[in-house]
$ cat structure13.cif   # mmCIF, C-alpha atoms
data_structure
loop_
_atom_site.label_atom_id
_atom_site.label_comp_id
_atom_site.auth_asym_id
_atom_site.auth_seq_id
_atom_site.Cartn_x
_atom_site.Cartn_y
_atom_site.Cartn_z
CA MET A 1 4.98 18.58 9.57
CA ALA A 2 6.12 14.99 10.02
CA SER A 3 4.09 12.03 8.82
CA SER A 4 2.99 11.22 12.35
CA ASP A 5 -0.22 11.31 14.33
CA LYS A 6 0.00 15.09 14.44
CA VAL A 7 -3.23 16.46 12.97
CA PRO A 8 -2.67 19.11 10.26
CA VAL A 9 -3.51 22.72 10.97
CA ALA A 10 -7.29 22.98 11.10
CA CYS A 11 -8.86 23.62 7.70
CA PRO A 12 -11.98 22.41 5.86
CA ALA A 13 -10.01 19.51 4.36
CA SER A 14 -9.07 18.20 7.82
CA SER A 15 -12.50 18.55 9.38
CA GLY A 16 -13.24 14.84 9.21
CA ASP A 17 -16.88 15.52 8.33
CA GLY A 18 -17.59 12.60 6.01
CA LYS A 19 -15.36 10.58 3.71
CA GLU A 20 -16.09 12.33 0.45
CA PRO A 21 -13.31 14.55 -0.93
CA MET A 22 -13.94 18.27 -1.01
CA GLY A 23 -15.21 19.84 -4.23
CA ASP A 24 -18.36 20.51 -6.21
CA PRO A 25 -20.21 17.70 -8.00
CA THR A 26 -18.85 16.95 -11.46
CA LYS A 27 -20.68 18.93 -14.13
CA THR A 28 -22.39 17.06 -16.97
CA THR A 29 -20.22 18.83 -19.53
CA THR A 30 -17.06 17.81 -17.68
CA ALA A 31 -18.24 14.20 -17.45
CA MET A 32 -18.94 14.16 -21.20
CA LEU A 33 -15.48 15.54 -21.93
CA ASP A 34 -13.93 12.85 -19.71
CA LYS A 35 -15.74 10.09 -21.59
CA GLY A 36 -14.76 11.56 -24.94
CA THR A 37 -11.08 11.85 -24.13
CA ALA A 38 -11.08 8.34 -22.60
CA MET A 39 -12.24 6.99 -25.97
CA MET A 40 -9.50 8.83 -27.86
CA GLN A 41 -6.55 8.44 -25.51
CA SER A 42 -4.64 5.21 -25.01
CA MET A 43 -4.45 5.10 -21.16
CA LYS A 44 -1.71 2.51 -21.70
CA PRO A 45 -0.12 2.65 -18.23
CA ILE A 46 -3.47 2.13 -16.49
CA ARG A 47 -4.53 -0.67 -18.78
CA GLN A 48 -1.39 -2.59 -17.87
CA MET A 49 -2.74 -3.19 -14.38
CA SER A 50 -3.64 -6.86 -14.19
CA LEU A 51 -3.43 -7.73 -10.48
CA HIS A 52 -5.80 -6.81 -7.65
CA VAL A 53 -5.16 -7.88 -4.07
CA CYS A 54 -6.76 -6.73 -0.84
CA SER A 55 -4.80 -6.63 2.41
CA PHE A 56 -4.00 -4.43 5.39
CA ALA A 57 -1.18 -2.01 6.17
CA CYS A 58 0.19 -0.30 9.28
CA TYR A 59 1.84 3.10 9.64
CA SER A 60 5.60 2.74 10.16
CA HIS A 61 5.67 5.33 12.93
CA ASP A 62 2.57 3.87 14.64
CA PRO A 63 1.68 0.25 13.73
CA GLY A 64 -1.44 0.58 15.87
CA ARG A 65 -2.92 2.67 13.07
CA GLN A 66 -4.08 0.13 10.51
CA ILE A 67 -6.00 0.41 7.25
CA GLU A 68 -7.52 -1.85 4.61
CA VAL A 69 -5.83 -1.46 1.24
CA HIS A 70 -6.66 -2.49 -2.33
CA ILE A 71 -3.56 -2.82 -4.47
CA TYR A 72 -3.75 -2.73 -8.27
CA GLY A 73 -0.51 -3.82 -9.88
CA HIS A 74 1.22 -3.59 -13.22
CA ARG A 75 3.81 -6.32 -13.79
CA VAL A 76 6.82 -4.59 -15.33
CA ASN A 77 8.73 -7.88 -15.45
CA GLN A 78 9.04 -11.13 -13.50
CA ASP A 79 10.82 -9.37 -10.63
CA PHE A 80 9.10 -5.98 -10.40
CA LEU A 81 5.54 -4.73 -9.90
CA GLN A 82 4.41 -1.11 -9.65
CA CYS A 83 1.08 -0.56 -7.95
CA ALA A 84 -1.60 2.02 -7.21
CA VAL A 85 -3.15 1.69 -3.75
CA TYR A 86 -6.79 2.52 -3.00
CA ASP A 87 -8.88 2.38 0.16
CA SER A 88 -11.58 0.23 -1.48
CA ASN A 89 -12.49 -1.41 -4.77
CA SER A 90 -15.55 0.75 -5.43
CA SER A 91 -15.93 3.33 -8.20
CA LYS A 92 -15.57 6.02 -5.51
CA ALA A 93 -12.32 4.64 -4.09
CA HIS A 94 -9.66 7.08 -2.95
CA LEU A 95 -6.16 6.78 -4.39
CA ILE A 96 -4.15 6.75 -1.15
CA GLY A 97 -0.64 5.77 -2.21
CA ILE A 98 1.78 3.76 -4.29
CA GLU A 99 3.62 0.51 -3.65
CA TYR A 100 6.59 -1.02 -5.43
CA ILE A 101 7.08 -4.78 -5.13
CA VAL A 102 10.33 -6.56 -5.94
CA SER A 103 11.46 -10.18 -5.93
CA GLU A 104 13.86 -11.55 -3.34
CA LYS A 105 16.64 -11.37 -5.95
CA LEU A 106 16.16 -7.64 -6.57
CA PHE A 107 15.70 -6.86 -2.89
CA GLU A 108 19.00 -8.53 -1.97
CA SER A 109 20.74 -6.27 -4.49
CA LEU A 110 19.69 -3.13 -2.56
CA PRO A 111 21.96 -1.46 0.02
CA PRO A 112 21.02 -1.96 3.70
CA GLU A 113 19.91 1.67 4.17
CA GLU A 114 17.40 1.19 1.35
CA GLN A 115 16.28 -2.23 2.59
CA LYS A 116 15.14 -0.63 5.86
CA LEU A 117 12.24 0.99 3.97
CA TRP A 118 10.85 -2.31 2.66
CA HIS A 119 8.55 -4.92 4.19
CA SER A 120 8.00 -8.64 3.61
CA HIS A 121 4.73 -10.21 2.44
CA ASP A 122 4.92 -13.84 3.59
CA TYR A 123 3.11 -13.48 6.94
CA GLU A 124 0.08 -11.63 5.56
CA ILE A 125 -0.27 -14.21 2.79
CA GLN A 126 0.15 -17.22 5.06
CA MET A 127 -2.47 -15.80 7.44
CA ALA A 128 -4.85 -15.05 4.53
CA LEU A 129 -4.85 -11.36 5.36
CA LEU A 130 -3.93 -10.76 1.73
CA VAL A 131 -6.64 -12.04 -0.60
CA THR A 132 -7.43 -11.92 -4.31
CA PRO A 133 -11.06 -10.75 -4.54
CA ARG A 134 -13.27 -12.86 -6.83
CA VAL A 135 -10.34 -15.07 -7.88
CA PRO A 136 -10.51 -18.68 -6.58
CA GLU A 137 -7.65 -19.76 -4.34
CA LEU A 138 -6.64 -22.52 -6.74
CA VAL A 139 -6.18 -19.99 -9.53
CA ALA A 140 -4.46 -17.44 -7.29
CA LYS A 141 -2.06 -19.90 -5.61
CA PRO A 142 0.88 -19.49 -8.06
CA GLU A 143 0.73 -15.69 -7.72
CA LEU A 144 0.44 -15.92 -3.94
CA LYS A 145 3.54 -18.11 -3.83
CA ASN A 146 5.48 -15.50 -5.82
CA LEU A 147 4.25 -12.61 -3.66
CA ALA A 148 5.13 -14.46 -0.45
CA LYS A 149 8.80 -14.27 -1.44
CA SER A 150 8.65 -10.59 -2.40
CA TYR A 151 9.26 -7.30 -0.62
CA GLY A 152 7.31 -4.04 -0.92
CA LYS A 153 7.82 -0.33 -0.33
CA PHE A 154 4.50 1.47 0.25
CA TRP A 155 4.11 5.23 0.62
CA CYS A 156 0.70 6.41 1.83
CA THR A 157 -0.07 9.86 0.42
CA TRP A 158 -3.55 10.28 1.91
CA GLN A 159 -4.19 9.47 5.56
CA ILE A 160 -7.83 8.69 4.97
CA ASP A 161 -8.21 7.02 8.38
CA ARG A 162 -7.53 10.37 10.04
CA GLY A 163 -10.61 11.83 8.37
CA ASP A 164 -8.69 14.02 5.92
CA ARG A 165 -10.90 15.00 2.98
CA LEU A 166 -7.89 15.82 0.80
CA PRO A 167 -4.32 14.46 0.80
CA LEU A 168 -2.61 16.51 3.53
CA GLY A 169 0.96 16.61 4.75
CA VAL A 170 3.80 14.43 3.54
CA PRO A 171 3.75 10.73 2.59
CA SER A 172 3.88 8.10 5.33
CA LEU A 173 5.90 4.92 5.04
CA MET A 174 3.72 1.86 5.63
CA VAL A 175 4.61 -1.62 6.88
CA SER A 176 2.95 -5.01 6.50
CA PRO A 177 1.21 -7.12 9.17
CA GLN A 178 3.63 -9.21 11.22
CA ASP A 179 3.45 -11.88 13.90
CA VAL A 180 4.27 -9.50 16.76
CA ASN A 181 1.95 -7.63 19.09
CA LEU A 182 1.86 -4.30 17.24
CA GLY A 183 1.78 -6.00 13.85
CA ARG A 184 -1.35 -8.08 14.32
CA ILE A 185 -4.35 -6.67 12.50
CA LYS A 186 -7.34 -5.71 14.61
CA PRO A 187 -10.07 -8.40 14.42
CA GLU A 188 -12.76 -5.79 13.73
CA LEU A 189 -10.92 -4.67 10.57
CA VAL A 190 -10.69 -8.24 9.29
CA LYS A 191 -14.35 -8.88 10.12
CA LYS A 192 -15.45 -5.74 8.26
CA ARG A 193 -13.37 -6.69 5.21
CA ASP A 194 -14.67 -10.25 5.17
CA GLU A 195 -18.31 -9.14 5.39
CA GLU A 196 -17.91 -6.59 2.60
CA HIS A 197 -16.31 -9.09 0.22
CA GLY A 198 -18.13 -12.25 1.25
CA ILE A 199 -15.03 -14.16 2.33
CA SER A 200 -13.76 -15.88 5.47
CA THR A 201 -10.14 -15.23 6.39
CA GLU A 202 -10.17 -18.14 8.83
CA SER A 203 -11.51 -20.54 6.20
CA LEU A 204 -8.82 -19.46 3.73
CA LYS A 205 -5.89 -20.14 6.06
CA PRO A 206 -5.70 -23.93 5.41
CA SER A 207 -5.38 -23.27 1.67
CA ARG A 208 -2.22 -21.26 2.36
CA ASP A 209 -0.37 -24.26 3.81
CA GLY A 210 2.85 -24.86 1.92
CA ILE A 211 3.32 -21.20 0.95
CA SER A 212 6.74 -20.15 2.19
CA GLY A 213 8.55 -16.84 2.39
CA PRO A 214 11.95 -15.84 1.00
CA GLU A 215 14.64 -18.50 0.89
CA LYS A 216 16.65 -16.50 3.41
CA LYS A 217 14.55 -13.94 5.31
CA ASN A 218 16.41 -10.64 5.24
CA LEU A 219 16.82 -9.22 8.76
CA VAL A 220 16.93 -5.59 7.62
CA ALA A 221 13.46 -5.65 6.05
CA ASP A 222 10.61 -5.17 8.55
CA TYR A 223 13.15 -3.03 10.42
CA TRP A 224 10.68 -1.99 13.11
CA VAL A 225 10.08 -5.58 14.24
CA ARG A 226 13.69 -6.04 15.40
CA PHE A 227 14.61 -2.49 16.38
CA ARG A 228 11.27 -0.89 17.32
CA LYS A 229 12.13 2.08 15.14
CA GLY A 230 9.83 3.44 12.45
CA PHE A 231 10.44 6.07 9.79
CA ALA A 232 8.69 9.40 9.27
CA LEU A 233 9.22 12.16 6.74
CA ASP A 234 9.38 15.85 7.53
CA VAL A 235 9.22 18.95 5.35
CA VAL A 236 12.40 21.00 5.61
CA GLU A 237 12.78 24.41 4.01
CA THR A 238 15.96 24.54 1.95
CA ASP A 239 17.71 26.86 -0.44
CA MET A 240 16.88 26.00 -4.02
CA LYS A 241 19.52 25.55 -6.70
CA ARG A 242 19.90 28.72 -8.71
CA THR A 243 21.69 27.43 -11.79
CA ALA A 244 19.75 27.32 -15.04
CA PRO A 245 20.23 24.63 -17.70
CA PHE A 246 20.55 27.32 -20.37
CA PRO A 247 21.08 31.12 -20.54
#
$ encode --input "structure13.cif" --output "structure tokens"
Amino acid sequence: MASSDKVPVACPASSGDGKEPMGDPTKTTTAMLDKGTAMMQSMKPIRQMSLHVCSFACYSHDPGRQIEVHIYGHRVNQDFLQCAVYDSNSSKAHLIGIEYIVSEKLFESLPPEEQKLWHSHDYEIQMALLVTPRVPELVAKPELKNLAKSYGKFWCTWQIDRGDRLPLGVPSLMVSPQDVNLGRIKPELVKKRDEEHGISTESLKPSRDGISGPEKKNLVADYWVRFRKGFALDVVETDMKRTAPFP
């Protein structure tokens, strides 16, 4: 099954009846165990997450399918962020994918075939589609300037917009909003986001003046904009390797 608009084989998880994942309510004993282990375990990777931005993303194979995303990032170093992507910022948010973000310097070191899978961030930042919830623009401006020169690779593992109640199928490559017909985010999505978070995308745009993209915009990134070709994964049955690492 390719990561396309094809609906998975009918099953309870693909029924689309409600947004809540399938499963029984968490038992009190399980919840108590979770709290106990959380107190004893370090959770170091999760606690490294220090960045939260909200934006929108489009499916590579069908940019007309667009979703709101909340990205929580861990800064590995000045040039590399690794992020968990959720569909909201609530305590019941669904983990729908992962995104890796690299600086212009690291991106330019990648081979062209790899660069095709990455998207730029400057347009969505300049148009205030990407926001930093609860962080004033003045405080966020330095980070926004850095992100505007970066590139991201985002794999969506849960097509929540399709109504799936569990992650079904294979990951879908996502792309960022762009200033072309298929890349412009639907006004109703922006309106819904703004109302939920008490912001005004239009009012934020003037504050983004002076934020520029990469020094030299790479023409292989945002591949679909120039070539009208997206990317989709498929599951292919293959013979497994039959050599063991030891007798």
$ closest_atom_pairs --input "structure13.cif" --of "segment 22-63 of chain A" --to "segment 177-182 of chain A" --cutoff "12 Å" --atoms "only C-alpha atoms" --output "CSV"
residue,atom,partner,partner_atom,distance
A:Ser55,CA,A:Pro177,CA,9.1
A:Phe56,CA,A:Pro177,CA,7.0
A:Ala57,CA,A:Pro177,CA,6.4
A:Cys58,CA,A:Pro177,CA,6.9
A:Tyr59,CA,A:Pro177,CA,10.3
A:Ser60,CA,A:Leu182,CA,10.7
A:His61,CA,A:Leu182,CA,11.2
A:Asp62,CA,A:Leu182,CA,8.6
A:Pro63,CA,A:Leu182,CA,5.7
$ residues_around --input "structure13.cif" --residues "Tyr72 of chain A" --least-positions-apart "5" --cutoff "7 Å" --atoms "all atoms listed in the file" --output "PyMOL selection string"
chain A and resi 49+51-53+83-85
$ resolve_selection --input "structure13.cif" --expression "the PyMOL selection byres ((chain A and resi 166) around 8)" --output "list in words"
Ala13, Ser14, Pro21, Met22, Trp158, Asp164, Arg165, Pro167 and Leu168 of chain A
$ residues_around --input "structure13.cif" --residues "Ser150 of chain A" --least-positions-apart "4" --cutoff "7 Å" --atoms "only C-alpha atoms" --output "list in words"
Ile101, Val102, Ser103, Glu104, Ser120, His121 and Asn146 of chain A
$ resolve_selection --input "structure13.cif" --expression "the PyMOL selection byres ((chain A and resi 54) around 9)" --output "VMD selection string"
chain A and resid 52 to 53 55 to 56 68 to 72 88 to 89 129 to 133 193
$ resolve_selection --input "structure13.cif" --expression "the PyMOL selection byres ((chain A and resi 205) around 12)" --output "number ranges by chain"
A: 123-131, 137, 199-204, 206-211
$ closest_residue --input "structure13.cif" --among "A:Leu95, A:Val139, A:Val175, A:Met40" --to "Lys229 of chain A" --atoms "all atoms listed in the file"
A:Val175
$ atom_distance --input "structure13.cif" --atom1 "atom CA of Gly64 of chain A" --atom2 "atom CA of Gly183 of chain A"
7.6 Å
$ residues_around --input "structure13.cif" --residues "Trp118 of chain A" --least-positions-apart "3" --cutoff "12 Å" --atoms "only C-alpha atoms" --output "ChimeraX atom specification"
/A:60,99-104,106-108,110-115,121,150-155,173-176,218-224,230-231
$ write_last_selection --input "structure13.cif" --atoms "C-alpha atoms" --output "compact mmCIF listing (two decimals), keeping the file's coordinate frame"
# COMPACT_ATOMS: atom_id res chain seq x y z
CA SER A 60 5.60 2.74 10.16
CA GLU A 99 3.62 0.51 -3.65
CA TYR A 100 6.59 -1.02 -5.43
CA ILE A 101 7.08 -4.78 -5.13
CA VAL A 102 10.33 -6.56 -5.94
CA SER A 103 11.46 -10.18 -5.93
CA GLU A 104 13.86 -11.55 -3.34
CA LEU A 106 16.16 -7.64 -6.57
CA PHE A 107 15.70 -6.86 -2.89
CA GLU A 108 19.00 -8.53 -1.97
CA LEU A 110 19.69 -3.13 -2.56
CA PRO A 111 21.96 -1.46 0.02
CA PRO A 112 21.02 -1.96 3.70
CA GLU A 113 19.91 1.67 4.17
CA GLU A 114 17.40 1.19 1.35
CA GLN A 115 16.28 -2.23 2.59
CA HIS A 121 4.73 -10.21 2.44
CA SER A 150 8.65 -10.59 -2.40
CA TYR A 151 9.26 -7.30 -0.62
CA GLY A 152 7.31 -4.04 -0.92
CA LYS A 153 7.82 -0.33 -0.33
CA PHE A 154 4.50 1.47 0.25
CA TRP A 155 4.11 5.23 0.62
CA LEU A 173 5.90 4.92 5.04
CA MET A 174 3.72 1.86 5.63
CA VAL A 175 4.61 -1.62 6.88
CA SER A 176 2.95 -5.01 6.50
CA ASN A 218 16.41 -10.64 5.24
CA LEU A 219 16.82 -9.22 8.76
CA VAL A 220 16.93 -5.59 7.62
CA ALA A 221 13.46 -5.65 6.05
CA ASP A 222 10.61 -5.17 8.55
CA TYR A 223 13.15 -3.03 10.42
CA TRP A 224 10.68 -1.99 13.11
CA GLY A 230 9.83 3.44 12.45
CA PHE A 231 10.44 6.07 9.79
$ build_atoms --input "structure13.cif" --residues "segment 187-210 of chain A" --atoms "N, CA and C atoms" --output "PDB file, in the coordinates of the input"
ATOM      1  N   PRO A 187      -9.024  -7.474  14.874  1.00  0.00           N
ATOM      2  CA  PRO A 187     -10.070  -8.400  14.420  1.00  0.00           C
ATOM      3  C   PRO A 187     -11.260  -7.689  13.777  1.00  0.00           C
ATOM      4  N   GLU A 188     -11.605  -6.504  14.283  1.00  0.00           N
ATOM      5  CA  GLU A 188     -12.760  -5.790  13.730  1.00  0.00           C
ATOM      6  C   GLU A 188     -12.509  -5.351  12.284  1.00  0.00           C
ATOM      7  N   LEU A 189     -11.240  -5.034  11.945  1.00  0.00           N
ATOM      8  CA  LEU A 189     -10.920  -4.670  10.570  1.00  0.00           C
ATOM      9  C   LEU A 189     -11.068  -5.865   9.636  1.00  0.00           C
ATOM     10  N   VAL A 190     -10.588  -7.016  10.098  1.00  0.00           N
ATOM     11  CA  VAL A 190     -10.690  -8.240   9.290  1.00  0.00           C
ATOM     12  C   VAL A 190     -12.159  -8.619   9.106  1.00  0.00           C
ATOM     13  N   LYS A 191     -12.928  -8.537  10.177  1.00  0.00           N
ATOM     14  CA  LYS A 191     -14.350  -8.880  10.120  1.00  0.00           C
ATOM     15  C   LYS A 191     -15.087  -7.988   9.131  1.00  0.00           C
ATOM     16  N   LYS A 192     -14.799  -6.682   9.176  1.00  0.00           N
ATOM     17  CA  LYS A 192     -15.450  -5.740   8.260  1.00  0.00           C
ATOM     18  C   LYS A 192     -15.089  -6.077   6.816  1.00  0.00           C
ATOM     19  N   ARG A 193     -13.809  -6.345   6.560  1.00  0.00           N
ATOM     20  CA  ARG A 193     -13.370  -6.690   5.210  1.00  0.00           C
ATOM     21  C   ARG A 193     -14.044  -7.959   4.716  1.00  0.00           C
ATOM     22  N   ASP A 194     -14.086  -8.975   5.565  1.00  0.00           N
ATOM     23  CA  ASP A 194     -14.670 -10.250   5.170  1.00  0.00           C
ATOM     24  C   ASP A 194     -16.156 -10.104   4.835  1.00  0.00           C
ATOM     25  N   GLU A 195     -16.871  -9.326   5.633  1.00  0.00           N
ATOM     26  CA  GLU A 195     -18.310  -9.140   5.390  1.00  0.00           C
ATOM     27  C   GLU A 195     -18.548  -8.383   4.095  1.00  0.00           C
ATOM     28  N   GLU A 196     -17.726  -7.391   3.815  1.00  0.00           N
ATOM     29  CA  GLU A 196     -17.910  -6.590   2.600  1.00  0.00           C
ATOM     30  C   GLU A 196     -17.644  -7.395   1.341  1.00  0.00           C
ATOM     31  N   HIS A 197     -16.717  -8.348   1.416  1.00  0.00           N
ATOM     32  CA  HIS A 197     -16.310  -9.090   0.220  1.00  0.00           C
ATOM     33  C   HIS A 197     -16.786 -10.536   0.217  1.00  0.00           C
ATOM     34  N   GLY A 198     -17.559 -10.899   1.225  1.00  0.00           N
ATOM     35  CA  GLY A 198     -18.130 -12.250   1.250  1.00  0.00           C
ATOM     36  C   GLY A 198     -17.087 -13.346   1.335  1.00  0.00           C
ATOM     37  N   ILE A 199     -16.066 -13.148   2.168  1.00  0.00           N
ATOM     38  CA  ILE A 199     -15.030 -14.160   2.330  1.00  0.00           C
ATOM     39  C   ILE A 199     -14.854 -14.485   3.810  1.00  0.00           C
ATOM     40  N   SER A 200     -14.084 -15.509   4.097  1.00  0.00           N
ATOM     41  CA  SER A 200     -13.760 -15.880   5.470  1.00  0.00           C
ATOM     42  C   SER A 200     -12.249 -16.063   5.567  1.00  0.00           C
ATOM     43  N   THR A 201     -11.585 -15.141   6.234  1.00  0.00           N
ATOM     44  CA  THR A 201     -10.140 -15.230   6.390  1.00  0.00           C
ATOM     45  C   THR A 201      -9.743 -16.528   7.070  1.00  0.00           C
ATOM     46  N   GLU A 202     -10.480 -16.908   8.103  1.00  0.00           N
ATOM     47  CA  GLU A 202     -10.170 -18.140   8.830  1.00  0.00           C
ATOM     48  C   GLU A 202     -10.285 -19.366   7.932  1.00  0.00           C
ATOM     49  N   SER A 203     -11.307 -19.385   7.084  1.00  0.00           N
ATOM     50  CA  SER A 203     -11.510 -20.540   6.200  1.00  0.00           C
ATOM     51  C   SER A 203     -10.444 -20.621   5.122  1.00  0.00           C
ATOM     52  N   LEU A 204      -9.844 -19.479   4.776  1.00  0.00           N
ATOM     53  CA  LEU A 204      -8.820 -19.460   3.730  1.00  0.00           C
ATOM     54  C   LEU A 204      -7.458 -19.922   4.232  1.00  0.00           C
ATOM     55  N   LYS A 205      -7.222 -19.835   5.524  1.00  0.00           N
ATOM     56  CA  LYS A 205      -5.890 -20.140   6.060  1.00  0.00           C
ATOM     57  C   LYS A 205      -5.385 -21.529   5.673  1.00  0.00           C
ATOM     58  N   PRO A 206      -6.219 -22.599   5.779  1.00  0.00           N
ATOM     59  CA  PRO A 206      -5.700 -23.930   5.410  1.00  0.00           C
ATOM     60  C   PRO A 206      -5.203 -24.017   3.978  1.00  0.00           C
ATOM     61  N   SER A 207      -5.804 -23.227   3.078  1.00  0.00           N
ATOM     62  CA  SER A 207      -5.380 -23.270   1.670  1.00  0.00           C
ATOM     63  C   SER A 207      -4.016 -22.637   1.469  1.00  0.00           C
ATOM     64  N   ARG A 208      -3.520 -21.905   2.470  1.00  0.00           N
ATOM     65  CA  ARG A 208      -2.220 -21.260   2.360  1.00  0.00           C
ATOM     66  C   ARG A 208      -1.081 -22.140   2.882  1.00  0.00           C
ATOM     67  N   ASP A 209      -1.420 -23.347   3.363  1.00  0.00           N
ATOM     68  CA  ASP A 209      -0.370 -24.260   3.810  1.00  0.00           C
ATOM     69  C   ASP A 209       0.594 -24.547   2.660  1.00  0.00           C
ATOM     70  N   GLY A 210       1.856 -24.567   2.960  1.00  0.00           N
ATOM     71  CA  GLY A 210       2.850 -24.860   1.920  1.00  0.00           C
ATOM     72  C   GLY A 210       3.384 -23.623   1.238  1.00  0.00           C
TER      73      GLY A 210
END
